[in-house]
Amino acid sequence: MKVYAGLAAWILVSLSAGFFGSRFSPGEWYALLEKPSWNPPGWVFGPVWTILYILMGVAVWLVWKSRGFSGAVYLFLAQLALNALWSYLFFGINRPGLAFLEILVLWVLILATMLAFRRVSTTAGALMVPYLLWVSFASVLNYALWRLNA
């Protein structure tokens, strides 16, 4: 039972980044931006991020369960903080250029976390792949929104 409490806690920690980010909704500023034709509809983001945060929570739990608070877990927490910060930069203060620079650093930390997780658990590493792919897409979208509206 204690093992599953840890799983629930790590999923909640992961979801907390999404909760923080949701405090900065797209709003009118975002609605008025010129968007690329391939910009997903707004309703896609909530379900995708929820799934990704759950996968991330399971991944970090697998590593934590095996190694405790290790360097890999601290890397995870660092990238999670950057994940939450992006929403503030992009939606909160309307700075897509700054958000783009931040998301590039986030991408590097996600990759480093994924590789560190893979050394502990191949499953944990694999669970981070969809997140890296989505942030790769989000990076390109962030860049396009920035350049279209500069």
# chains A, B, ... in the order shown; residues from 1 in each chain; ligands from 1
>>> closest_atom_pairs(of="range 21-112 of chain A", to="range 139-147 of chain A", cutoff="10 Å", atoms="only C-alpha atoms", output="JSON lines")
{"residue": "A:Tyr30", "atom": "CA", "partner": "A:Leu145", "partner_atom": "CA", "distance": 9.6}
{"residue": "A:Leu33", "atom": "CA", "partner": "A:Leu145", "partner_atom": "CA", "distance": 7.5}
{"residue": "A:Glu34", "atom": "CA", "partner": "A:Leu145", "partner_atom": "CA", "distance": 7.0}
{"residue": "A:Lys35", "atom": "CA", "partner": "A:Leu145", "partner_atom": "CA", "distance": 6.0}
{"residue": "A:Pro36", "atom": "CA", "partner": "A:Ala144", "partner_atom": "CA", "distance": 6.9}
{"residue": "A:Trp38", "atom": "CA", "partner": "A:Leu141", "partner_atom": "CA", "distance": 8.6}
{"residue": "A:Asn39", "atom": "CA", "partner": "A:Leu141", "partner_atom": "CA", "distance": 7.1}
{"residue": "A:Pro40", "atom": "CA", "partner": "A:Leu141", "partner_atom": "CA", "distance": 9.5}
{"residue": "A:Phe90", "atom": "CA", "partner": "A:Asn142", "partner_atom": "CA", "distance": 8.6}
{"residue": "A:Arg95", "atom": "CA", "partner": "A:Trp146", "partner_atom": "CA", "distance": 8.4}
{"residue": "A:Pro96", "atom": "CA", "partner": "A:Trp146", "partner_atom": "CA", "distance": 5.2}
{"residue": "A:Gly97", "atom": "CA", "partner": "A:Trp146", "partner_atom": "CA", "distance": 5.8}
{"residue": "A:Leu98", "atom": "CA", "partner": "A:Trp146", "partner_atom": "CA", "distance": 9.3}
{"residue": "A:Ala99", "atom": "CA", "partner": "A:Asn142", "partner_atom": "CA", "distance": 7.6}
{"residue": "A:Phe100", "atom": "CA", "partner": "A:Asn142", "partner_atom": "CA", "distance": 5.9}
{"residue": "A:Leu101", "atom": "CA", "partner": "A:Ser139", "partner_atom": "CA", "distance": 9.2}
{"residue": "A:Glu102", "atom": "CA", "partner": "A:Ser139", "partner_atom": "CA", "distance": 9.6}
{"residue": "A:Ile103", "atom": "CA", "partner": "A:Ser139", "partner_atom": "CA", "distance": 6.3}
{"residue": "A:Leu104", "atom": "CA", "partner": "A:Ser139", "partner_atom": "CA", "distance": 7.1}
{"residue": "A:Leu106", "atom": "CA", "partner": "A:Ser139", "partner_atom": "CA", "distance": 9.6}
{"residue": "A:Trp107", "atom": "CA", "partner": "A:Ser139", "partner_atom": "CA", "distance": 8.3}
>>> select_by_dssp(residues="chain A", states="alpha helix (DSSP H)", output="ChimeraX atom specification")
/A:2-22,27-31,45-67,71-87,96-120,122-127,129-148
>>> write_last_selection(atoms="C-alpha atoms", output="mmCIF file, in the first residue's frame")
data_model
loop_
_atom_site.group_PDB
_atom_site.id
_atom_site.type_symbol
_atom_site.label_atom_id
_atom_site.label_comp_id
_atom_site.auth_asym_id
_atom_site.auth_seq_id
_atom_site.Cartn_x
_atom_site.Cartn_y
_atom_site.Cartn_z
ATOM 1 C CA LYS A 2 2.867 2.383 0.828
ATOM 2 C CA VAL A 3 4.291 1.847 -2.673
ATOM 3 C CA TYR A 4 1.042 3.016 -4.266
ATOM 4 C CA ALA A 5 0.892 6.056 -1.993
ATOM 5 C CA GLY A 6 4.283 7.009 -3.438
ATOM 6 C CA LEU A 7 2.927 6.534 -6.956
ATOM 7 C CA ALA A 8 -0.063 8.749 -6.200
ATOM 8 C CA ALA A 9 2.203 11.385 -4.641
ATOM 9 C CA TRP A 10 4.506 11.516 -7.677
ATOM 10 C CA ILE A 11 1.562 11.759 -10.058
ATOM 11 C CA LEU A 12 0.217 14.644 -7.970
ATOM 12 C CA VAL A 13 3.630 16.327 -8.002
ATOM 13 C CA SER A 14 3.674 16.056 -11.791
ATOM 14 C CA LEU A 15 0.111 17.281 -12.146
ATOM 15 C CA SER A 16 0.947 20.253 -9.925
ATOM 16 C CA ALA A 17 3.036 21.732 -12.748
ATOM 17 C CA GLY A 18 -0.040 21.592 -14.947
ATOM 18 C CA PHE A 19 -2.172 23.101 -12.191
ATOM 19 C CA PHE A 20 0.299 25.980 -11.815
ATOM 20 C CA GLY A 21 0.397 26.463 -15.578
ATOM 21 C CA SER A 22 -3.383 26.494 -15.804
ATOM 22 C CA GLY A 27 -7.129 34.429 -22.821
ATOM 23 C CA GLU A 28 -7.761 37.289 -25.204
ATOM 24 C CA TRP A 29 -4.074 37.967 -25.924
ATOM 25 C CA TYR A 30 -3.607 34.448 -27.300
ATOM 26 C CA ALA A 31 -6.903 34.530 -29.188
ATOM 27 C CA PHE A 45 -3.945 20.698 -24.820
ATOM 28 C CA GLY A 46 -5.729 19.782 -21.569
ATOM 29 C CA PRO A 47 -6.141 16.057 -22.260
ATOM 30 C CA VAL A 48 -2.667 15.719 -23.790
ATOM 31 C CA TRP A 49 -0.970 17.430 -20.862
ATOM 32 C CA THR A 50 -2.971 15.434 -18.320
ATOM 33 C CA ILE A 51 -1.841 12.168 -19.908
ATOM 34 C CA LEU A 52 1.751 13.386 -20.126
ATOM 35 C CA TYR A 53 1.832 14.461 -16.465
ATOM 36 C CA ILE A 54 0.497 11.049 -15.408
ATOM 37 C CA LEU A 55 3.138 9.264 -17.523
ATOM 38 C CA MET A 56 5.817 11.534 -16.038
ATOM 39 C CA GLY A 57 4.567 10.774 -12.523
ATOM 40 C CA VAL A 58 4.782 7.032 -13.134
ATOM 41 C CA ALA A 59 8.265 7.429 -14.631
ATOM 42 C CA VAL A 60 9.671 9.407 -11.705
ATOM 43 C CA TRP A 61 8.002 7.026 -9.263
ATOM 44 C CA LEU A 62 9.770 4.061 -10.872
ATOM 45 C CA VAL A 63 13.118 5.824 -10.481
ATOM 46 C CA TRP A 64 12.372 7.059 -6.957
ATOM 47 C CA LYS A 65 11.199 3.589 -5.909
ATOM 48 C CA SER A 66 14.492 2.139 -7.141
ATOM 49 C CA ARG A 67 16.976 4.868 -6.131
ATOM 50 C CA GLY A 71 20.299 12.904 -9.281
ATOM 51 C CA ALA A 72 17.761 11.642 -11.809
ATOM 52 C CA VAL A 73 14.877 12.631 -9.530
ATOM 53 C CA TYR A 74 16.383 16.084 -8.974
ATOM 54 C CA LEU A 75 16.764 16.484 -12.742
ATOM 55 C CA PHE A 76 13.098 15.583 -13.061
ATOM 56 C CA LEU A 77 12.115 18.206 -10.497
ATOM 57 C CA ALA A 78 14.212 20.841 -12.277
ATOM 58 C CA GLN A 79 12.571 20.182 -15.633
ATOM 59 C CA LEU A 80 9.155 20.111 -13.968
ATOM 60 C CA ALA A 81 9.778 23.586 -12.546
ATOM 61 C CA LEU A 82 10.732 24.825 -16.019
ATOM 62 C CA ASN A 83 7.620 23.165 -17.406
ATOM 63 C CA ALA A 84 5.477 25.213 -15.027
ATOM 64 C CA LEU A 85 7.463 28.396 -15.705
ATOM 65 C CA TRP A 86 6.793 28.228 -19.440
ATOM 66 C CA SER A 87 3.067 28.927 -19.001
ATOM 67 C CA PRO A 96 6.719 34.211 -26.547
ATOM 68 C CA GLY A 97 10.372 34.968 -27.375
ATOM 69 C CA LEU A 98 11.459 34.476 -23.772
ATOM 70 C CA ALA A 99 9.209 31.422 -23.516
ATOM 71 C CA PHE A 100 10.902 29.989 -26.607
ATOM 72 C CA LEU A 101 14.360 30.347 -25.056
ATOM 73 C CA GLU A 102 13.063 28.747 -21.868
ATOM 74 C CA ILE A 103 11.446 25.828 -23.699
ATOM 75 C CA LEU A 104 14.772 25.066 -25.390
ATOM 76 C CA VAL A 105 16.393 24.714 -21.962
ATOM 77 C CA LEU A 106 13.388 22.652 -20.838
ATOM 78 C CA TRP A 107 13.837 20.347 -23.846
ATOM 79 C CA VAL A 108 17.484 19.724 -22.931
ATOM 80 C CA LEU A 109 16.535 18.953 -19.321
ATOM 81 C CA ILE A 110 13.774 16.590 -20.443
ATOM 82 C CA LEU A 111 16.254 14.727 -22.647
ATOM 83 C CA ALA A 112 18.769 14.567 -19.787
ATOM 84 C CA THR A 113 16.048 13.323 -17.432
ATOM 85 C CA MET A 114 14.882 10.706 -19.920
ATOM 86 C CA LEU A 115 18.431 9.403 -20.357
ATOM 87 C CA ALA A 116 19.046 9.394 -16.589
ATOM 88 C CA PHE A 117 15.756 7.553 -16.052
ATOM 89 C CA ARG A 118 16.636 5.012 -18.735
ATOM 90 C CA ARG A 119 19.821 4.093 -16.835
ATOM 91 C CA VAL A 120 17.650 3.190 -13.837
ATOM 92 C CA THR A 122 14.040 1.336 -19.346
ATOM 93 C CA THR A 123 10.306 1.674 -18.673
ATOM 94 C CA ALA A 124 10.808 5.006 -16.898
ATOM 95 C CA GLY A 125 12.906 6.270 -19.788
ATOM 96 C CA ALA A 126 10.314 5.128 -22.314
ATOM 97 C CA LEU A 127 7.518 6.840 -20.386
ATOM 98 C CA VAL A 129 9.441 9.816 -24.723
ATOM 99 C CA PRO A 130 5.895 11.115 -25.417
ATOM 100 C CA TYR A 131 6.641 14.140 -23.236
ATOM 101 C CA LEU A 132 9.863 14.889 -25.136
ATOM 102 C CA LEU A 133 8.019 14.529 -28.448
ATOM 103 C CA TRP A 134 5.190 16.822 -27.346
ATOM 104 C CA VAL A 135 7.605 19.463 -26.054
ATOM 105 C CA SER A 136 9.480 19.200 -29.354
ATOM 106 C CA PHE A 137 6.232 20.016 -31.144
ATOM 107 C CA ALA A 138 5.422 22.732 -28.595
ATOM 108 C CA SER A 139 8.851 24.276 -29.185
ATOM 109 C CA VAL A 140 8.248 24.534 -32.916
ATOM 110 C CA LEU A 141 4.767 25.945 -32.286
ATOM 111 C CA ASN A 142 6.129 28.445 -29.746
ATOM 112 C CA TYR A 143 8.741 29.566 -32.282
ATOM 113 C CA ALA A 144 6.138 29.930 -35.042
ATOM 114 C CA LEU A 145 3.815 31.957 -32.816
ATOM 115 C CA TRP A 146 6.680 34.195 -31.762
ATOM 116 C CA ARG A 147 7.873 34.852 -35.322
ATOM 117 C CA LEU A 148 4.378 35.312 -36.762
#
>>> atom_distance(atom1="CA of Trp43 in chain A", atom2="CA of Gly92 in chain A")
19.0 Å
>>> atom_distance(atom1="CA of Ile93 in chain A", atom2="CA of Met128 in chain A")
28.4 Å
>>> atom_distance(atom1="CA of Val44 in chain A", atom2="CA of Asn94 in chain A")
20.8 Å
>>> decode(residues="range 110-130 of chain A", atoms="N, CA and C atoms", output="compact mmCIF listing (two decimals), in the first residue's frame")
# COMPACT_ATOMS: atom_id res chain seq x y z
N ILE A 110 14.62 17.78 -20.25
CA ILE A 110 13.77 16.59 -20.44
C ILE A 110 14.60 15.45 -21.03
N LEU A 111 15.40 15.75 -22.05
CA LEU A 111 16.25 14.73 -22.65
C LEU A 111 17.22 14.16 -21.61
N ALA A 112 17.84 15.03 -20.83
CA ALA A 112 18.77 14.57 -19.79
C ALA A 112 18.04 13.70 -18.76
N THR A 113 16.85 14.10 -18.39
CA THR A 113 16.05 13.32 -17.43
C THR A 113 15.69 11.97 -18.01
N MET A 114 15.24 11.96 -19.26
CA MET A 114 14.88 10.71 -19.92
C MET A 114 16.07 9.74 -19.95
N LEU A 115 17.24 10.25 -20.30
CA LEU A 115 18.43 9.40 -20.36
C LEU A 115 18.84 8.92 -18.97
N ALA A 116 18.73 9.79 -17.97
CA ALA A 116 19.05 9.39 -16.59
C ALA A 116 18.05 8.35 -16.10
N PHE A 117 16.78 8.53 -16.43
CA PHE A 117 15.76 7.55 -16.05
C PHE A 117 16.02 6.21 -16.72
N ARG A 118 16.41 6.25 -17.99
CA ARG A 118 16.64 5.01 -18.74
C ARG A 118 17.75 4.17 -18.11
N ARG A 119 18.74 4.83 -17.51
CA ARG A 119 19.82 4.09 -16.83
C ARG A 119 19.31 3.34 -15.61
N VAL A 120 18.24 3.83 -15.02
CA VAL A 120 17.65 3.19 -13.84
C VAL A 120 16.57 2.20 -14.25
N SER A 121 15.75 2.59 -15.20
CA SER A 121 14.61 1.77 -15.63
C SER A 121 14.29 2.09 -17.09
N THR A 122 14.36 1.09 -17.93
CA THR A 122 14.04 1.34 -19.35
C THR A 122 12.58 1.79 -19.49
N THR A 123 11.71 1.26 -18.64
CA THR A 123 10.31 1.67 -18.67
C THR A 123 10.18 3.15 -18.33
N ALA A 124 10.87 3.60 -17.29
CA ALA A 124 10.81 5.01 -16.90
C ALA A 124 11.31 5.90 -18.03
N GLY A 125 12.39 5.50 -18.66
CA GLY A 125 12.91 6.27 -19.79
C GLY A 125 11.91 6.33 -20.92
N ALA A 126 11.29 5.19 -21.23
CA ALA A 126 10.31 5.13 -22.31
C ALA A 126 9.08 5.97 -22.01
N LEU A 127 8.69 6.04 -20.76
CA LEU A 127 7.52 6.84 -20.39
C LEU A 127 7.74 8.34 -20.59
N MET A 128 8.99 8.75 -20.69
CA MET A 128 9.31 10.17 -20.91
C MET A 128 9.33 10.54 -22.40
N VAL A 129 9.35 9.55 -23.28
CA VAL A 129 9.44 9.82 -24.72
C VAL A 129 8.25 10.63 -25.24
N PRO A 130 7.00 10.29 -24.90
CA PRO A 130 5.89 11.12 -25.42
C PRO A 130 6.00 12.58 -24.97
